[in-house]
Structure formats: C-alpha cells, structure tokens
Amino acid sequence: MAKILIVDDSSFSRMLIRKALGEEHTFLEADRGEQALELYAREQPDLVILDLTMPGMHGAEVLRRLKAMDAEARVIVGTADIQEQSMQEVLALGALCVVPKPFTRERLQEAVRDALGG
Amino acid sequence: MTPWEAEGFQISPESLDALREAFNIAFGHAAAALARLVQRRILLSPPLLQVVRATQITEVLEPSWRQYTGVVVYQSFLGLLEGTASLLVSLEGGQELLKLLLTEPPLGDLSPSDIDVLTEIGNIVFGALISVLSNLLQAALVFDPPEGKVVPLEHWWRSPPWEVKDDIWLIVVRSQFQVSDSTTNFLLIVAVEALPFRRLQQALERLVL
C-alpha cells in the first residue's frame, strides 16, 4: 500500500485515477500546483501523479520544484498534453514516465506498479 | 414537456467537470497534431467551459467575440450525439496561425487557400473532439467535412449554424494556444438539440457516479 498524491485541476480526472488504482492505496489530492507542493512537504507521499495543464503553476514547474524539494520524489505525469517536446521536458526533469489521457486502467496500474517497485 | 425538460437540464458540477476534462483531452491531442505540423511546442491553457441555451449566447460572450472579423470553421456531426461544432478565431489569430504554417504567410486579407489551411486546423480540432465525445458516449459519431470562412462576427451571431431557440444547447469553450511569443485565443461552440444533449448529460452522469 502506498500514499499517492494526485495533482489535477479536474475532480473527474482525480476520481478516475482513484477508481483505476483501487483501494490498495491511500490518496491525497491537490487541484493546484501550490497546494501540491504544500501537501508533498507535509505528507511525504510515496508517489505523485501529476497533470501538466492546470491553472496557475504549470505541471512542469511543479515537477521542477518537487525535485528541488526532494531529489528522490517519484512522479508520474498523467496528461492530455502528449506533444513530444512536453514529454521530453518532464522526463528530463525527472518524471518516471508519462501516461497519456485518456487513461486506461491497465496503463495507469502498470505505471504505478513500476514506479513503486523501482 | 417531458419530465427532464421540466428539470431544466441541470448539469451537476461533477458532470460539467467531466465535460471540461473531455475538451481538455481533445485540445491536448489536437495540440500534439498541430505541434507536429508547425514543428514547435504549443503551450495550452486549461479550457474554460460553460453550457448555455442558444438564446443566451450573446449575453455570455466577451465584446471581442461579438465584434470585428473572425475566421469560423464549422462542422456537422451525427450519431447518438448530433449537432454542429464551430471553431472561431479572430482574423489576427488566424493570420498568426498561418505564419506558423506557411513559408509565405498572408500580408492582408486571407485567400481561399489560407482559409483551406485554417479549415484543416479546425478539422484537426474537431477530429480530436469527436473522438473524445464518441468514447464518452460509447458510440460512433459521423461527421461532414468542415467548412471555413471569414465573417464579420456581429453578423455571424445572427445566423449561426444552429437555430437560435431555447431547446438548442451550446457548450461554449474558451482556450488558447501559445507558440513562441504568439498567442491565439479561440472559441469552440458545440451546439446540440435537447434530446442528444440529454444523452450527453446522462453519459456524463454515469461516468461521475
């Protein structure tokens, strides 16, 4: 069981992620980058699932600051922004992988399994 | 009046959020396709979405979308959800997009071939949108080829590609693409009649339960 922080401005998206990953894990949620950083500092989750296109702070900046806060932070980017350059940017910033939206349950579960197992 | 008409087609905040996320996904996929075309990264803004009756549209639009000249690309679609989708950019926004795509961008008025290029951009956006809506409804949607034209917006709103009556519902989405130092704002309007709108509403409610 892991403590997973879901960062997405869409409550629907956060719900889908929780449903896909089931009751095995506990979840924290943030709908903005600033809130996500505060939560991470306070709760030290095992994994972050991070959207990119959000109001306010962009997900890539959130990732940058997370990594600055904790170089070992495990982050999966889950996003509709599937441009090659966007994916390269977040991988270079230290994201473990990118899961494109719309999510499939299998892909999301696989990404979380790999992230927590590594 | 059917019971659900009497209810006034209330969409829950959760369902609205699901709908907004559907458009977010569609724009993300469209941006990826456009990015490959322009060979540059596109910065997306989160879409802003509202649902209004067709008779209310001019009340909710900013003056910039009611005045001046714009480029409109629109398309009809059929299936479990039927209606029209219209993508609007300002004339200047259209020219900015063309600068990214063409080796010889337009200097003034848009030519028919310029409009063809912008129509293709609309086609890309609509294709992504239809794909997302089709998945949402678990049903195939078919669509006509899109049409594009330059219009004085003030006149266009008087005769849009949908009937301006109370039982036509409009999903109004605002977003913007930023490429390098160029930002293009656009307005996407999906117009559906009462019954298909109810199908969409029910599909959204099933998703959020």
# chains A, B, ... in the order shown; residues from 1 in each chain; ligands from 1
>>> interface_residues(of="chain A", to="chain B", cutoff="9 Å", atoms="only C-alpha atoms", output="list in words")
Asp9, Ser10, Ser11, Phe12, Ser13, Met15, Leu16, Thr53, Met54, Pro55, Thr79, Ala80, Asp81, Ile82, Gln83, Glu84, Gln85, Ser86, Lys101 and Pro102 of chain A
>>> write_last_selection(atoms="N, CA and C atoms", output="short mmCIF file (atom, residue, chain, number, x, y, z; two decimals), in the first residue's frame")
data_model
loop_
_atom_site.label_atom_id
_atom_site.label_comp_id
_atom_site.auth_asym_id
_atom_site.auth_seq_id
_atom_site.Cartn_x
_atom_site.Cartn_y
_atom_site.Cartn_z
N ASP A 9 -6.32 19.52 -11.85
CA ASP A 9 -7.37 20.51 -11.59
C ASP A 9 -8.76 19.93 -11.84
N SER A 10 -8.85 18.77 -12.46
CA SER A 10 -10.14 18.16 -12.73
C SER A 10 -10.49 17.14 -11.66
N SER A 11 -11.60 17.39 -10.95
CA SER A 11 -12.03 16.43 -9.93
C SER A 11 -12.42 15.11 -10.58
N PHE A 12 -12.94 15.20 -11.80
CA PHE A 12 -13.31 14.00 -12.54
C PHE A 12 -12.08 13.14 -12.80
N SER A 13 -11.00 13.77 -13.23
CA SER A 13 -9.77 13.06 -13.50
C SER A 13 -9.22 12.43 -12.23
N MET A 15 -10.89 11.48 -9.67
CA MET A 15 -11.78 10.36 -9.34
C MET A 15 -11.45 9.14 -10.20
N LEU A 16 -11.20 9.37 -11.49
CA LEU A 16 -10.86 8.26 -12.39
C LEU A 16 -9.58 7.57 -11.94
N THR A 53 -1.34 20.58 -17.58
CA THR A 53 -2.11 21.78 -17.91
C THR A 53 -3.08 22.09 -16.79
N MET A 54 -2.68 23.04 -15.94
CA MET A 54 -3.51 23.44 -14.80
C MET A 54 -3.51 24.95 -14.70
N PRO A 55 -4.54 25.52 -14.11
CA PRO A 55 -4.49 26.98 -13.85
C PRO A 55 -3.36 27.28 -12.89
N THR A 79 -1.23 13.20 -18.42
CA THR A 79 -1.59 14.45 -19.09
C THR A 79 -2.24 14.22 -20.44
N ALA A 80 -3.04 15.22 -20.86
CA ALA A 80 -3.58 15.23 -22.22
C ALA A 80 -2.61 15.89 -23.18
N ASP A 81 -1.59 16.57 -22.63
CA ASP A 81 -0.59 17.24 -23.47
C ASP A 81 0.44 16.20 -23.90
N ILE A 82 0.18 15.58 -25.04
CA ILE A 82 1.01 14.46 -25.47
C ILE A 82 2.01 14.88 -26.54
N GLN A 83 2.33 16.16 -26.58
CA GLN A 83 3.36 16.62 -27.52
C GLN A 83 4.70 15.99 -27.13
N GLU A 84 5.46 15.66 -28.13
CA GLU A 84 6.76 15.04 -27.91
C GLU A 84 7.64 15.91 -27.03
N GLN A 85 7.65 17.22 -27.30
CA GLN A 85 8.51 18.12 -26.52
C GLN A 85 8.07 18.20 -25.06
N SER A 86 6.79 18.14 -24.83
CA SER A 86 6.29 18.19 -23.44
C SER A 86 6.75 16.94 -22.70
N LYS A 101 -3.55 10.93 -21.33
CA LYS A 101 -5.00 10.89 -21.16
C LYS A 101 -5.61 10.71 -22.55
N PRO A 102 -6.74 10.02 -22.70
CA PRO A 102 -7.50 9.40 -21.63
C PRO A 102 -6.78 8.16 -21.08
#
>>> select_by_dssp(residues="range 10-209 of chain B", states="strand (DSSP E)", output="PyMOL selection string")
chain B and resi 43-44+48-53+69-79+83-90+141-143+147-152+168-179+182-193
>>> atom_distance(atom1="CA of Val75 in chain A", atom2="CA of Gly59 in chain A")
11.0 Å
>>> residues_around(residues="Leu37 in chain A", least_positions_apart="3", cutoff="12 Å", atoms="only C-alpha atoms", output="number ranges by chain")
A: 5-7, 28-34, 40-45, 48, 50, 57, 59, 61-70, 73
>>> write_last_selection(atoms="N, CA, C and O atoms", output="compact mmCIF listing (two decimals), in the first residue's frame")
# COMPACT_ATOMS: atom_id res chain seq x y z
N LEU A 5 -0.16 11.00 -4.04
CA LEU A 5 -0.66 12.36 -4.20
C LEU A 5 -1.08 12.55 -5.65
O LEU A 5 -0.25 12.42 -6.56
N ILE A 6 -2.37 12.85 -5.87
CA ILE A 6 -2.89 13.11 -7.21
C ILE A 6 -3.02 14.61 -7.40
O ILE A 6 -3.70 15.28 -6.61
N VAL A 7 -2.38 15.13 -8.43
CA VAL A 7 -2.40 16.57 -8.69
C VAL A 7 -3.06 16.79 -10.05
O VAL A 7 -2.46 16.52 -11.10
N LEU A 28 -4.01 11.34 -1.54
CA LEU A 28 -4.10 12.76 -1.24
C LEU A 28 -4.40 13.45 -2.56
O LEU A 28 -4.02 12.94 -3.61
N GLU A 29 -5.07 14.59 -2.50
CA GLU A 29 -5.43 15.27 -3.75
C GLU A 29 -5.13 16.76 -3.67
O GLU A 29 -5.34 17.39 -2.63
N ALA A 30 -4.70 17.29 -4.79
CA ALA A 30 -4.49 18.73 -4.94
C ALA A 30 -4.98 19.14 -6.31
O ALA A 30 -4.77 18.40 -7.28
N ASP A 31 -5.63 20.29 -6.38
CA ASP A 31 -6.10 20.76 -7.69
C ASP A 31 -5.26 21.91 -8.24
O ASP A 31 -5.57 22.46 -9.29
N ARG A 32 -4.19 22.27 -7.51
CA ARG A 32 -3.30 23.33 -7.98
C ARG A 32 -1.86 22.98 -7.59
O ARG A 32 -1.63 22.25 -6.62
N GLY A 33 -0.94 23.54 -8.33
CA GLY A 33 0.46 23.25 -8.08
C GLY A 33 0.93 23.66 -6.70
O GLY A 33 1.65 22.91 -6.01
N GLU A 34 0.54 24.85 -6.29
CA GLU A 34 0.99 25.36 -4.98
C GLU A 34 0.51 24.44 -3.85
O GLU A 34 1.26 24.12 -2.93
N TYR A 40 2.94 17.87 -0.44
CA TYR A 40 4.10 16.97 -0.54
C TYR A 40 5.04 17.18 0.64
O TYR A 40 5.51 16.22 1.26
N ALA A 41 5.28 18.46 0.96
CA ALA A 41 6.21 18.77 2.05
C ALA A 41 5.68 18.23 3.38
O ALA A 41 6.44 17.74 4.22
N ARG A 42 4.37 18.30 3.54
CA ARG A 42 3.76 17.90 4.81
C ARG A 42 3.58 16.39 4.91
O ARG A 42 3.80 15.80 5.96
N GLU A 43 3.15 15.76 3.81
CA GLU A 43 2.72 14.35 3.88
C GLU A 43 3.76 13.36 3.36
O GLU A 43 3.64 12.16 3.62
N GLN A 44 4.73 13.83 2.59
CA GLN A 44 5.77 12.94 2.05
C GLN A 44 5.17 11.69 1.39
O GLN A 44 5.44 10.56 1.82
N PRO A 45 4.34 11.86 0.37
CA PRO A 45 3.74 10.68 -0.29
C PRO A 45 4.80 9.83 -0.96
O PRO A 45 5.91 10.29 -1.26
N VAL A 48 3.69 10.61 -6.73
CA VAL A 48 2.87 11.73 -7.20
C VAL A 48 2.42 11.42 -8.62
O VAL A 48 3.23 10.99 -9.46
N LEU A 50 0.86 13.52 -11.60
CA LEU A 50 0.84 14.97 -11.83
C LEU A 50 0.34 15.32 -13.22
O LEU A 50 0.86 14.83 -14.23
N MET A 57 0.24 27.50 -11.64
CA MET A 57 1.54 26.87 -11.90
C MET A 57 1.39 25.68 -12.84
O MET A 57 0.60 24.77 -12.60
N GLY A 59 2.32 22.17 -14.62
CA GLY A 59 2.80 20.94 -14.01
C GLY A 59 4.30 20.74 -14.11
O GLY A 59 4.92 20.18 -13.22
N GLU A 61 6.57 23.03 -13.89
CA GLU A 61 7.16 23.82 -12.81
C GLU A 61 6.95 23.14 -11.46
O GLU A 61 7.84 23.16 -10.60
N VAL A 62 5.79 22.53 -11.31
CA VAL A 62 5.53 21.78 -10.07
C VAL A 62 6.57 20.66 -9.94
O VAL A 62 7.16 20.44 -8.88
N LEU A 63 6.79 19.97 -11.04
CA LEU A 63 7.77 18.87 -11.05
C LEU A 63 9.16 19.38 -10.70
O LEU A 63 9.88 18.78 -9.89
N ARG A 64 9.53 20.49 -11.30
CA ARG A 64 10.84 21.08 -11.03
C ARG A 64 10.99 21.36 -9.53
O ARG A 64 12.01 21.04 -8.91
N ARG A 65 9.98 21.96 -8.95
CA ARG A 65 10.05 22.34 -7.52
C ARG A 65 9.98 21.10 -6.62
O ARG A 65 10.61 21.07 -5.56
N LEU A 66 9.23 20.10 -7.05
CA LEU A 66 9.18 18.87 -6.26
C LEU A 66 10.57 18.24 -6.19
O LEU A 66 11.03 17.80 -5.13
N LYS A 67 11.21 18.18 -7.32
CA LYS A 67 12.54 17.57 -7.39
C LYS A 67 13.57 18.39 -6.63
O LYS A 67 14.52 17.83 -6.05
N ALA A 68 13.37 19.71 -6.62
CA ALA A 68 14.27 20.57 -5.85
C ALA A 68 14.07 20.32 -4.35
O ALA A 68 15.02 20.35 -3.56
N MET A 69 12.83 20.06 -3.97
CA MET A 69 12.48 19.78 -2.58
C MET A 69 12.98 18.40 -2.17
O MET A 69 13.46 18.19 -1.07
N ASP A 70 12.83 17.44 -3.08
CA ASP A 70 13.16 16.05 -2.79
C ASP A 70 13.65 15.39 -4.08
O ASP A 70 12.85 15.06 -4.95
N ALA A 73 11.94 12.22 -5.18
CA ALA A 73 10.49 12.21 -5.39
C ALA A 73 10.14 11.38 -6.62
O ALA A 73 10.76 11.52 -7.67
>>> atom_distance(atom1="CA of Val142 in chain B", atom2="CA of Asp116 in chain B")
21.1 Å
>>> residues_around(residues="Leu88 in chain B", least_positions_apart="4", cutoff="6 Å", atoms="only C-alpha atoms", output="VMD selection string")
chain B and resid 71 to 72 186 to 187
>>> write_last_selection(atoms="N, CA and C atoms", output="PDB file, in the first residue's frame")
ATOM      1  N   VAL B  71     -12.480  34.224 -38.203  1.00  0.00           N
ATOM      2  CA  VAL B  71     -12.458  33.061 -39.082  1.00  0.00           C
ATOM      3  C   VAL B  71     -13.242  31.968 -38.364  1.00  0.00           C
ATOM      4  N   VAL B  72     -14.188  31.417 -39.068  1.00  0.00           N
ATOM      5  CA  VAL B  72     -15.035  30.386 -38.483  1.00  0.00           C
ATOM      6  C   VAL B  72     -14.860  29.096 -39.271  1.00  0.00           C
ATOM      7  N   PHE B 186      -9.109  31.105 -28.929  1.00  0.00           N
ATOM      8  CA  PHE B 186     -10.180  30.599 -29.762  1.00  0.00           C
ATOM      9  C   PHE B 186     -11.387  30.214 -28.928  1.00  0.00           C
ATOM     10  N   LEU B 187     -12.482  30.162 -29.641  1.00  0.00           N
ATOM     11  CA  LEU B 187     -13.774  29.844 -29.044  1.00  0.00           C
ATOM     12  C   LEU B 187     -14.319  28.642 -29.786  1.00  0.00           C
TER      13      LEU B 187
END
>>> select_by_dssp(residues="chain B", states="helix (DSSP H, G or I)", output="PyMOL selection string")
chain B and resi 3-6+13-38+54-60+63-65+91-101+112-137+153-156+194-208
>>> residues_around(residues="Arg74 in chain A", least_positions_apart="6", cutoff="8 Å", atoms="only C-alpha atoms", output="PDB file with N, CA and C atoms, in the first residue's frame")
ATOM      1  N   ASP A  46       4.428   8.579  -1.231  1.00  0.00           N
ATOM      2  CA  ASP A  46       5.340   7.652  -1.905  1.00  0.00           C
ATOM      3  C   ASP A  46       5.424   7.924  -3.393  1.00  0.00           C
ATOM      4  N   LEU A  47       4.359   8.519  -3.923  1.00  0.00           N
ATOM      5  CA  LEU A  47       4.276   8.705  -5.372  1.00  0.00           C
ATOM      6  C   LEU A  47       3.387   9.908  -5.664  1.00  0.00           C
ATOM      7  N   VAL A  48       3.694  10.612  -6.725  1.00  0.00           N
ATOM      8  CA  VAL A  48       2.870  11.725  -7.200  1.00  0.00           C
ATOM      9  C   VAL A  48       2.416  11.418  -8.618  1.00  0.00           C
ATOM     10  N   ALA A  95      10.621  13.017 -14.246  1.00  0.00           N
ATOM     11  CA  ALA A  95       9.417  12.192 -14.161  1.00  0.00           C
ATOM     12  C   ALA A  95       9.775  10.757 -14.535  1.00  0.00           C
ATOM     13  N   LEU A  96       9.129   9.798 -13.877  1.00  0.00           N
ATOM     14  CA  LEU A  96       9.429   8.400 -14.147  1.00  0.00           C
ATOM     15  C   LEU A  96       8.857   7.961 -15.485  1.00  0.00           C
ATOM     16  N   ALA A 115       6.570   2.290 -10.799  1.00  0.00           N
ATOM     17  CA  ALA A 115       7.117   3.404 -10.026  1.00  0.00           C
ATOM     18  C   ALA A 115       7.388   2.990  -8.584  1.00  0.00           C
TER      19      ALA A 115
END
